[in-house]
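A.B. asks: This one is work-v5.txt, compact mmCIF, N, CA and C atoms.
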```txt
# COMPACT_ATOMS: atom_id res chain seq x y z
N MET A 96 -19.14 -5.60 7.86
CA MET A 96 -17.84 -5.84 7.26
C MET A 96 -16.76 -5.50 8.31
N SER A 97 -15.75 -6.34 8.43
CA SER A 97 -14.69 -6.11 9.42
C SER A 97 -13.75 -5.01 8.95
N SER A 98 -12.95 -4.52 9.88
CA SER A 98 -11.96 -3.48 9.54
C SER A 98 -11.01 -3.98 8.47
N TYR A 99 -10.55 -5.23 8.59
CA TYR A 99 -9.62 -5.77 7.60
C TYR A 99 -10.28 -5.85 6.23
N GLU A 100 -11.54 -6.27 6.19
CA GLU A 100 -12.25 -6.35 4.91
C GLU A 100 -12.39 -4.98 4.27
N ASN A 101 -12.65 -3.95 5.08
CA ASN A 101 -12.71 -2.57 4.56
C ASN A 101 -11.37 -2.15 3.98
N ILE A 102 -10.30 -2.50 4.68
CA ILE A 102 -8.95 -2.17 4.20
C ILE A 102 -8.68 -2.86 2.87
N TYR A 103 -8.98 -4.15 2.79
CA TYR A 103 -8.72 -4.90 1.56
C TYR A 103 -9.56 -4.37 0.40
N LYS A 104 -10.77 -3.94 0.68
CA LYS A 104 -11.64 -3.36 -0.36
C LYS A 104 -11.01 -2.10 -0.95
N VAL A 105 -10.45 -1.25 -0.09
CA VAL A 105 -9.79 -0.03 -0.55
C VAL A 105 -8.53 -0.38 -1.34
N VAL A 106 -7.70 -1.26 -0.81
CA VAL A 106 -6.42 -1.59 -1.46
C VAL A 106 -6.65 -2.20 -2.83
N ARG A 107 -7.70 -2.98 -2.99
CA ARG A 107 -7.99 -3.58 -4.30
C ARG A 107 -8.30 -2.52 -5.36
N GLN A 108 -8.64 -1.31 -4.95
CA GLN A 108 -8.97 -0.24 -5.89
C GLN A 108 -7.74 0.54 -6.38
N ILE A 109 -6.61 0.37 -5.74
CA ILE A 109 -5.40 1.12 -6.14
C ILE A 109 -4.94 0.59 -7.50
N PRO A 110 -4.88 1.45 -8.51
CA PRO A 110 -4.50 0.97 -9.85
C PRO A 110 -3.00 0.70 -9.99
N GLN A 111 -2.67 -0.08 -10.98
CA GLN A 111 -1.27 -0.35 -11.29
C GLN A 111 -0.55 0.97 -11.54
N GLY A 112 0.69 1.04 -11.10
CA GLY A 112 1.50 2.23 -11.31
C GLY A 112 1.25 3.34 -10.29
N LYS A 113 0.36 3.08 -9.34
CA LYS A 113 0.05 4.06 -8.29
C LYS A 113 0.27 3.42 -6.93
N VAL A 114 0.46 4.27 -5.93
CA VAL A 114 0.60 3.80 -4.55
C VAL A 114 -0.32 4.63 -3.67
N ALA A 115 -0.60 4.10 -2.51
CA ALA A 115 -1.34 4.82 -1.47
C ALA A 115 -0.53 4.70 -0.19
N THR A 116 -0.74 5.61 0.72
CA THR A 116 -0.06 5.52 2.01
C THR A 116 -0.96 4.76 2.99
N TYR A 117 -0.34 4.27 4.05
CA TYR A 117 -1.10 3.57 5.09
C TYR A 117 -2.19 4.48 5.65
N GLY A 118 -1.86 5.73 5.89
CA GLY A 118 -2.83 6.68 6.42
C GLY A 118 -3.96 6.95 5.45
N GLN A 119 -3.64 7.05 4.18
CA GLN A 119 -4.66 7.27 3.15
C GLN A 119 -5.63 6.10 3.10
N VAL A 120 -5.11 4.88 3.14
CA VAL A 120 -5.97 3.70 3.12
C VAL A 120 -6.84 3.67 4.37
N ALA A 121 -6.25 4.00 5.52
CA ALA A 121 -7.03 4.02 6.77
C ALA A 121 -8.19 5.00 6.66
N GLU A 122 -7.92 6.19 6.14
CA GLU A 122 -8.97 7.19 6.01
C GLU A 122 -10.07 6.72 5.06
N LEU A 123 -9.69 6.16 3.92
CA LEU A 123 -10.67 5.70 2.93
C LEU A 123 -11.48 4.50 3.45
N ALA A 124 -10.90 3.76 4.41
CA ALA A 124 -11.60 2.60 4.99
C ALA A 124 -12.37 3.00 6.25
N ASN A 125 -12.51 4.31 6.46
CA ASN A 125 -13.21 4.84 7.64
C ASN A 125 -12.55 4.41 8.95
N LEU A 126 -11.22 4.41 8.92
CA LEU A 126 -10.43 4.06 10.09
C LEU A 126 -9.41 5.17 10.36
N CYS A 127 -9.88 6.41 10.33
CA CYS A 127 -8.99 7.57 10.50
C CYS A 127 -8.10 7.41 11.72
N GLY A 128 -6.85 7.74 11.54
CA GLY A 128 -5.89 7.68 12.64
C GLY A 128 -5.39 6.29 12.96
N LYS A 129 -5.67 5.33 12.08
CA LYS A 129 -5.24 3.96 12.36
C LYS A 129 -4.39 3.36 11.22
N PRO A 130 -3.35 4.07 10.80
CA PRO A 130 -2.53 3.53 9.72
C PRO A 130 -1.81 2.23 10.11
N ARG A 131 -1.52 2.07 11.39
CA ARG A 131 -0.86 0.82 11.81
C ARG A 131 -1.77 -0.38 11.62
N LEU A 132 -3.07 -0.17 11.79
CA LEU A 132 -4.01 -1.26 11.56
C LEU A 132 -3.95 -1.69 10.10
N VAL A 133 -3.78 -0.73 9.21
CA VAL A 133 -3.62 -1.07 7.78
C VAL A 133 -2.37 -1.92 7.60
N GLY A 134 -1.29 -1.52 8.25
CA GLY A 134 -0.06 -2.31 8.18
C GLY A 134 -0.24 -3.72 8.69
N TYR A 135 -0.93 -3.87 9.81
CA TYR A 135 -1.19 -5.21 10.36
C TYR A 135 -2.02 -6.04 9.40
N ALA A 136 -3.05 -5.41 8.82
CA ALA A 136 -3.93 -6.13 7.88
C ALA A 136 -3.15 -6.60 6.65
N LEU A 137 -2.30 -5.73 6.13
CA LEU A 137 -1.55 -6.08 4.92
C LEU A 137 -0.45 -7.09 5.21
N TYR A 138 0.09 -7.07 6.42
CA TYR A 138 1.10 -8.06 6.79
C TYR A 138 0.50 -9.47 6.76
N ARG A 139 -0.78 -9.57 7.06
CA ARG A 139 -1.45 -10.87 7.10
C ARG A 139 -1.78 -11.42 5.71
N VAL A 140 -1.71 -10.58 4.70
CA VAL A 140 -2.05 -10.99 3.33
C VAL A 140 -0.93 -11.85 2.77
N ASP A 141 -1.30 -12.96 2.16
CA ASP A 141 -0.32 -13.81 1.49
C ASP A 141 0.23 -13.05 0.28
N ILE A 142 1.51 -13.14 0.05
CA ILE A 142 2.16 -12.41 -1.04
C ILE A 142 1.51 -12.72 -2.39
N SER A 143 0.97 -13.94 -2.55
CA SER A 143 0.36 -14.32 -3.83
C SER A 143 -1.13 -13.98 -3.90
N SER A 144 -1.65 -13.28 -2.90
CA SER A 144 -3.07 -12.91 -2.86
C SER A 144 -3.44 -11.97 -4.00
N ASP A 145 -4.75 -11.84 -4.25
CA ASP A 145 -5.23 -10.89 -5.26
C ASP A 145 -5.27 -9.47 -4.72
N ILE A 146 -4.94 -9.30 -3.46
CA ILE A 146 -4.90 -7.97 -2.85
C ILE A 146 -3.54 -7.35 -3.17
N PRO A 147 -3.51 -6.20 -3.87
CA PRO A 147 -2.22 -5.59 -4.25
C PRO A 147 -1.55 -4.87 -3.07
N TRP A 148 -1.20 -5.65 -2.07
CA TRP A 148 -0.58 -5.17 -0.84
C TRP A 148 0.66 -4.33 -1.11
N HIS A 149 1.35 -4.62 -2.19
CA HIS A 149 2.61 -3.97 -2.51
C HIS A 149 2.43 -2.50 -2.89
N ARG A 150 1.20 -2.07 -3.16
CA ARG A 150 0.95 -0.68 -3.57
C ARG A 150 0.74 0.26 -2.39
N VAL A 151 0.97 -0.20 -1.18
CA VAL A 151 0.81 0.65 0.00
C VAL A 151 2.18 0.89 0.62
N VAL A 152 2.50 2.16 0.79
CA VAL A 152 3.81 2.57 1.32
C VAL A 152 3.61 3.57 2.46
N ASN A 153 4.70 3.93 3.09
CA ASN A 153 4.56 4.89 4.20
C ASN A 153 4.43 6.32 3.68
N ALA A 154 4.16 7.23 4.59
CA ALA A 154 3.90 8.63 4.23
C ALA A 154 5.11 9.33 3.62
N LYS A 155 6.29 8.77 3.79
CA LYS A 155 7.50 9.34 3.19
C LYS A 155 7.72 8.85 1.77
N GLY A 156 6.85 7.93 1.31
CA GLY A 156 7.03 7.36 -0.02
C GLY A 156 8.05 6.24 -0.03
N GLU A 157 8.20 5.59 1.11
CA GLU A 157 9.17 4.51 1.23
C GLU A 157 8.47 3.20 1.57
N ILE A 158 9.13 2.11 1.25
CA ILE A 158 8.66 0.80 1.67
C ILE A 158 9.00 0.67 3.14
N SER A 159 8.03 0.29 3.94
CA SER A 159 8.27 0.10 5.37
C SER A 159 8.89 -1.27 5.58
N TYR A 160 10.09 -1.25 6.11
CA TYR A 160 10.84 -2.49 6.33
C TYR A 160 10.16 -3.36 7.38
N SER A 161 10.06 -4.63 7.09
CA SER A 161 9.51 -5.59 8.04
C SER A 161 10.46 -6.77 8.14
N PRO A 162 11.10 -6.95 9.30
CA PRO A 162 12.03 -8.07 9.44
C PRO A 162 11.35 -9.43 9.41
N LEU A 163 10.04 -9.46 9.52
CA LEU A 163 9.31 -10.73 9.56
C LEU A 163 8.73 -11.14 8.21
N ARG A 164 8.91 -10.31 7.19
CA ARG A 164 8.21 -10.52 5.93
C ARG A 164 8.95 -11.43 4.94
N GLN A 165 10.06 -12.02 5.26
CA GLN A 165 10.78 -12.98 4.42
C GLN A 165 10.89 -12.57 2.95
N GLY A 166 11.64 -11.53 2.68
CA GLY A 166 11.86 -11.10 1.31
C GLY A 166 10.77 -10.23 0.73
N GLY A 167 9.74 -9.97 1.50
CA GLY A 167 8.62 -9.18 1.01
C GLY A 167 8.99 -7.76 0.65
N ASP A 168 9.96 -7.18 1.37
CA ASP A 168 10.37 -5.80 1.08
C ASP A 168 10.98 -5.72 -0.31
N HIS A 169 11.86 -6.66 -0.63
CA HIS A 169 12.46 -6.68 -1.96
C HIS A 169 11.39 -6.99 -3.01
N THR A 170 10.52 -7.93 -2.71
CA THR A 170 9.44 -8.28 -3.62
C THR A 170 8.55 -7.07 -3.88
N GLN A 171 8.25 -6.30 -2.84
CA GLN A 171 7.40 -5.13 -2.99
C GLN A 171 8.04 -4.14 -3.96
N LYS A 172 9.32 -3.88 -3.81
CA LYS A 172 10.02 -2.94 -4.69
C LYS A 172 10.00 -3.45 -6.14
N VAL A 173 10.28 -4.71 -6.33
CA VAL A 173 10.29 -5.30 -7.68
C VAL A 173 8.91 -5.19 -8.32
N LEU A 174 7.87 -5.54 -7.57
CA LEU A 174 6.51 -5.46 -8.11
C LEU A 174 6.14 -4.04 -8.51
N LEU A 175 6.49 -3.07 -7.67
CA LEU A 175 6.19 -1.68 -8.00
C LEU A 175 6.96 -1.21 -9.23
N GLU A 176 8.23 -1.59 -9.31
CA GLU A 176 9.03 -1.20 -10.48
C GLU A 176 8.46 -1.82 -11.76
N GLN A 177 7.96 -3.04 -11.67
CA GLN A 177 7.35 -3.68 -12.84
C GLN A 177 6.11 -2.94 -13.31
N GLU A 178 5.47 -2.21 -12.40
CA GLU A 178 4.28 -1.43 -12.73
C GLU A 178 4.63 0.00 -13.16
N GLY A 179 5.92 0.33 -13.19
CA GLY A 179 6.33 1.64 -13.64
C GLY A 179 6.57 2.65 -12.53
N VAL A 180 6.48 2.22 -11.29
CA VAL A 180 6.76 3.12 -10.17
C VAL A 180 8.28 3.27 -10.06
N GLU A 181 8.72 4.52 -10.01
CA GLU A 181 10.15 4.81 -9.97
C GLU A 181 10.59 5.14 -8.56
N PHE A 182 11.78 4.69 -8.22
CA PHE A 182 12.38 4.97 -6.92
C PHE A 182 13.59 5.88 -7.11
N SER A 183 13.79 6.79 -6.18
CA SER A 183 14.99 7.63 -6.19
C SER A 183 16.16 6.76 -5.75
N PRO A 184 17.39 7.26 -5.94
CA PRO A 184 18.55 6.50 -5.46
C PRO A 184 18.48 6.19 -3.96
N LYS A 185 17.75 6.99 -3.21
CA LYS A 185 17.62 6.76 -1.76
C LYS A 185 16.43 5.86 -1.43
N GLY A 186 15.76 5.34 -2.44
CA GLY A 186 14.67 4.39 -2.22
C GLY A 186 13.31 5.01 -2.00
N LYS A 187 13.15 6.27 -2.37
CA LYS A 187 11.86 6.94 -2.18
C LYS A 187 11.07 7.01 -3.49
N ILE A 188 9.75 6.98 -3.33
CA ILE A 188 8.84 7.13 -4.46
C ILE A 188 8.37 8.58 -4.49
N ASN A 189 8.33 9.16 -5.67
CA ASN A 189 7.82 10.52 -5.82
C ASN A 189 6.29 10.45 -5.70
N LEU A 190 5.78 10.84 -4.53
CA LEU A 190 4.34 10.75 -4.30
C LEU A 190 3.55 11.74 -5.14
N ARG A 191 4.16 12.83 -5.55
CA ARG A 191 3.45 13.76 -6.44
C ARG A 191 3.11 13.08 -7.77
N LYS A 192 3.97 12.19 -8.18
CA LYS A 192 3.77 11.49 -9.46
C LYS A 192 2.96 10.20 -9.31
N HIS A 193 3.20 9.45 -8.25
CA HIS A 193 2.65 8.11 -8.16
C HIS A 193 1.54 7.91 -7.11
N LEU A 194 1.21 8.95 -6.34
CA LEU A 194 0.17 8.78 -5.33
C LEU A 194 -1.20 8.67 -5.97
N TRP A 195 -1.94 7.67 -5.57
CA TRP A 195 -3.29 7.44 -6.06
C TRP A 195 -4.22 8.52 -5.56
N GLN A 196 -4.98 9.08 -6.47
CA GLN A 196 -5.97 10.10 -6.13
C GLN A 196 -7.35 9.53 -6.49
N PRO A 197 -7.96 8.83 -5.54
CA PRO A 197 -9.27 8.23 -5.86
C PRO A 197 -10.33 9.29 -6.11
N THR A 198 -11.24 8.96 -7.00
CA THR A 198 -12.36 9.87 -7.24
C THR A 198 -13.43 9.58 -6.20
N LEU A 199 -14.04 10.62 -5.72
CA LEU A 199 -15.09 10.47 -4.73
C LEU A 199 -16.34 9.92 -5.38
N GLN A 200 -16.98 9.00 -4.71
CA GLN A 200 -18.22 8.43 -5.23
C GLN A 200 -19.37 8.91 -4.35
N TYR A 201 -20.37 9.47 -4.99
CA TYR A 201 -21.52 10.00 -4.26
C TYR A 201 -22.73 9.12 -4.46
```
Reformat the file's structure so that it appears as structure tokens.

C.D. replies:
Amino acid sequence: MSSYENIYKVVRQIPQGKVATYGQVAELANLCGKPRLVGYALYRVDISSDIPWHRVVNAKGEISYSPLRQGGDHTQKVLLEQEGVEFSPKGKINLRKHLWQPTLQY
């Protein structure tokens, strides 16, 4: 399985109303220390894909701005709000409340 496929497998597990960070996804995909690779993989995903790309944010709980994403940043915020994710007036997500805590599978 490729690195991108591992990333997409992890991202598909993030439930509605929760978010994960790029670093968290990298770690769960066995790509420790490669959060940018997660960003690159998610940038390649079509906005209408079944991969919930919008549920991945940066470690500060913010949407990472991408000048190349053609409205994707606004779309990401709207999609998260529709799932019940709340943003502070400064645009941050409370990670204590909304961060996905996957259960370990043995």

A.B. asks: Mind checking which residues fall within 9 Å of range 145-157 of chain A, counting only C-alpha atoms, ignoring those fewer than 6 positions away in the same chain, and posting them as a PyMOL selection string?

C.D. replies: chain A and resi 103-104+106-120+134+137-138+167-168+170-172+174-175+182+186-190+194

A.B. asks: Output the selection as a CSV table (one decimal), keeping the file's coordinate frame - N, CA and C atoms for each residue.

C.D. replies:
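The resulting file, part.csv, is shown below:
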```
chain,number,residue,atom,x,y,z
A,103,TYR,N,-9.0,-4.2,2.8
A,103,TYR,CA,-8.7,-4.9,1.6
A,103,TYR,C,-9.6,-4.4,0.4
A,104,LYS,N,-10.8,-3.9,0.7
A,104,LYS,CA,-11.6,-3.4,-0.4
A,104,LYS,C,-11.0,-2.1,-1.0
A,106,VAL,N,-7.7,-1.3,-0.8
A,106,VAL,CA,-6.4,-1.6,-1.5
A,106,VAL,C,-6.6,-2.2,-2.8
A,107,ARG,N,-7.7,-3.0,-3.0
A,107,ARG,CA,-8.0,-3.6,-4.3
A,107,ARG,C,-8.3,-2.5,-5.4
A,108,GLN,N,-8.6,-1.3,-5.0
A,108,GLN,CA,-9.0,-0.2,-5.9
A,108,GLN,C,-7.7,0.5,-6.4
A,109,ILE,N,-6.6,0.4,-5.7
A,109,ILE,CA,-5.4,1.1,-6.1
A,109,ILE,C,-4.9,0.6,-7.5
A,110,PRO,N,-4.9,1.4,-8.5
A,110,PRO,CA,-4.5,1.0,-9.8
A,110,PRO,C,-3.0,0.7,-10.0
A,111,GLN,N,-2.7,-0.1,-11.0
A,111,GLN,CA,-1.3,-0.4,-11.3
A,111,GLN,C,-0.6,1.0,-11.5
A,112,GLY,N,0.7,1.0,-11.1
A,112,GLY,CA,1.5,2.2,-11.3
A,112,GLY,C,1.2,3.3,-10.3
A,113,LYS,N,0.4,3.1,-9.3
A,113,LYS,CA,0.0,4.1,-8.3
A,113,LYS,C,0.3,3.4,-6.9
A,114,VAL,N,0.5,4.3,-5.9
A,114,VAL,CA,0.6,3.8,-4.6
A,114,VAL,C,-0.3,4.6,-3.7
A,115,ALA,N,-0.6,4.1,-2.5
A,115,ALA,CA,-1.3,4.8,-1.5
A,115,ALA,C,-0.5,4.7,-0.2
A,116,THR,N,-0.7,5.6,0.7
A,116,THR,CA,-0.1,5.5,2.0
A,116,THR,C,-1.0,4.8,3.0
A,117,TYR,N,-0.3,4.3,4.0
A,117,TYR,CA,-1.1,3.6,5.1
A,117,TYR,C,-2.2,4.5,5.6
A,118,GLY,N,-1.9,5.7,5.9
A,118,GLY,CA,-2.8,6.7,6.4
A,118,GLY,C,-4.0,7.0,5.4
A,119,GLN,N,-3.6,7.0,4.2
A,119,GLN,CA,-4.7,7.3,3.2
A,119,GLN,C,-5.6,6.1,3.1
A,120,VAL,N,-5.1,4.9,3.1
A,120,VAL,CA,-6.0,3.7,3.1
A,120,VAL,C,-6.8,3.7,4.4
A,134,GLY,N,-1.3,-1.5,8.2
A,134,GLY,CA,-0.1,-2.3,8.2
A,134,GLY,C,-0.2,-3.7,8.7
A,137,LEU,N,-2.3,-5.7,6.1
A,137,LEU,CA,-1.6,-6.1,4.9
A,137,LEU,C,-0.4,-7.1,5.2
A,138,TYR,N,0.1,-7.1,6.4
A,138,TYR,CA,1.1,-8.1,6.8
A,138,TYR,C,0.5,-9.5,6.8
A,167,GLY,N,9.7,-10.0,1.5
A,167,GLY,CA,8.6,-9.2,1.0
A,167,GLY,C,9.0,-7.8,0.6
A,168,ASP,N,10.0,-7.2,1.4
A,168,ASP,CA,10.4,-5.8,1.1
A,168,ASP,C,11.0,-5.7,-0.3
A,170,THR,N,10.5,-7.9,-2.7
A,170,THR,CA,9.4,-8.3,-3.6
A,170,THR,C,8.6,-7.1,-3.9
A,171,GLN,N,8.2,-6.3,-2.8
A,171,GLN,CA,7.4,-5.1,-3.0
A,171,GLN,C,8.0,-4.1,-4.0
A,172,LYS,N,9.3,-3.9,-3.8
A,172,LYS,CA,10.0,-2.9,-4.7
A,172,LYS,C,10.0,-3.4,-6.1
A,174,LEU,N,7.9,-5.5,-7.6
A,174,LEU,CA,6.5,-5.5,-8.1
A,174,LEU,C,6.1,-4.0,-8.5
A,175,LEU,N,6.5,-3.1,-7.7
A,175,LEU,CA,6.2,-1.7,-8.0
A,175,LEU,C,7.0,-1.2,-9.2
A,182,PHE,N,11.8,4.7,-8.2
A,182,PHE,CA,12.4,5.0,-6.9
A,182,PHE,C,13.6,5.9,-7.1
A,186,GLY,N,15.8,5.3,-2.4
A,186,GLY,CA,14.7,4.4,-2.2
A,186,GLY,C,13.3,5.0,-2.0
A,187,LYS,N,13.2,6.3,-2.4
A,187,LYS,CA,11.9,6.9,-2.2
A,187,LYS,C,11.1,7.0,-3.5
A,188,ILE,N,9.8,7.0,-3.3
A,188,ILE,CA,8.8,7.1,-4.5
A,188,ILE,C,8.4,8.6,-4.5
A,189,ASN,N,8.3,9.2,-5.7
A,189,ASN,CA,7.8,10.5,-5.8
A,189,ASN,C,6.3,10.4,-5.7
A,190,LEU,N,5.8,10.8,-4.5
A,190,LEU,CA,4.3,10.8,-4.3
A,190,LEU,C,3.6,11.7,-5.1
A,194,LEU,N,1.2,9.0,-6.3
A,194,LEU,CA,0.2,8.8,-5.3
A,194,LEU,C,-1.2,8.7,-6.0
```

A.B. asks: Assign secondary structure with DSSP using the backbone only, and return the residues of range 103-168 of chain A in helix (DSSP H, G or I) as a PyMOL selection string.

C.D. replies: chain A and resi 103-106+117-123+130-138+148-150+167-168

A.B. asks: So how many Å separate atom N of Leu123 in chain A and atom C of His193 in chain A, to one decimal?

C.D. replies: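 Those two atoms sit 15.8 Å apart.
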
A.B. asks: If I take CA of Ala124 in chain A and CA of Asn101 in chain A, how far is one from the other in Å, to one decimal?

C.D. replies: 5.3 Å

A.B. asks: Mind checking DSSP for range 98-191 of chain A and telling me the strand (DSSP E or B) residues as a VMD selection string?

C.D. replies: chain A and resid 114 to 116 151 to 152 182 188

A.B. asks: Using N, CA and C atoms, can you write the selected residues to a file as an mmCIF file, keeping the file's coordinate frame?

C.D. replies:
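Written output follows (result36.cif):
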```cif
data_model
loop_
_atom_site.group_PDB
_atom_site.id
_atom_site.type_symbol
_atom_site.label_atom_id
_atom_site.label_comp_id
_atom_site.auth_asym_id
_atom_site.auth_seq_id
_atom_site.Cartn_x
_atom_site.Cartn_y
_atom_site.Cartn_z
ATOM 1 N N VAL A 114 0.460 4.270 -5.930
ATOM 2 C CA VAL A 114 0.600 3.800 -4.550
ATOM 3 C C VAL A 114 -0.320 4.630 -3.670
ATOM 4 N N ALA A 115 -0.600 4.100 -2.510
ATOM 5 C CA ALA A 115 -1.340 4.820 -1.470
ATOM 6 C C ALA A 115 -0.530 4.700 -0.190
ATOM 7 N N THR A 116 -0.740 5.610 0.720
ATOM 8 C CA THR A 116 -0.060 5.520 2.010
ATOM 9 C C THR A 116 -0.960 4.760 2.990
ATOM 10 N N VAL A 151 0.970 -0.200 -1.180
ATOM 11 C CA VAL A 151 0.810 0.650 0.000
ATOM 12 C C VAL A 151 2.180 0.890 0.620
ATOM 13 N N VAL A 152 2.500 2.160 0.790
ATOM 14 C CA VAL A 152 3.810 2.570 1.320
ATOM 15 C C VAL A 152 3.610 3.570 2.460
ATOM 16 N N PHE A 182 11.780 4.690 -8.220
ATOM 17 C CA PHE A 182 12.380 4.970 -6.920
ATOM 18 C C PHE A 182 13.590 5.880 -7.110
ATOM 19 N N ILE A 188 9.750 6.980 -3.330
ATOM 20 C CA ILE A 188 8.840 7.130 -4.460
ATOM 21 C C ILE A 188 8.370 8.580 -4.490
#
```

A.B. asks: One number please: atom C of Glu176 in chain A to CA of Gln196 in chain A, in Å, one decimal.

C.D. replies: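 Atom C of Glu176 in chain A sits 19.5 Å away from CA of Gln196 in chain A.
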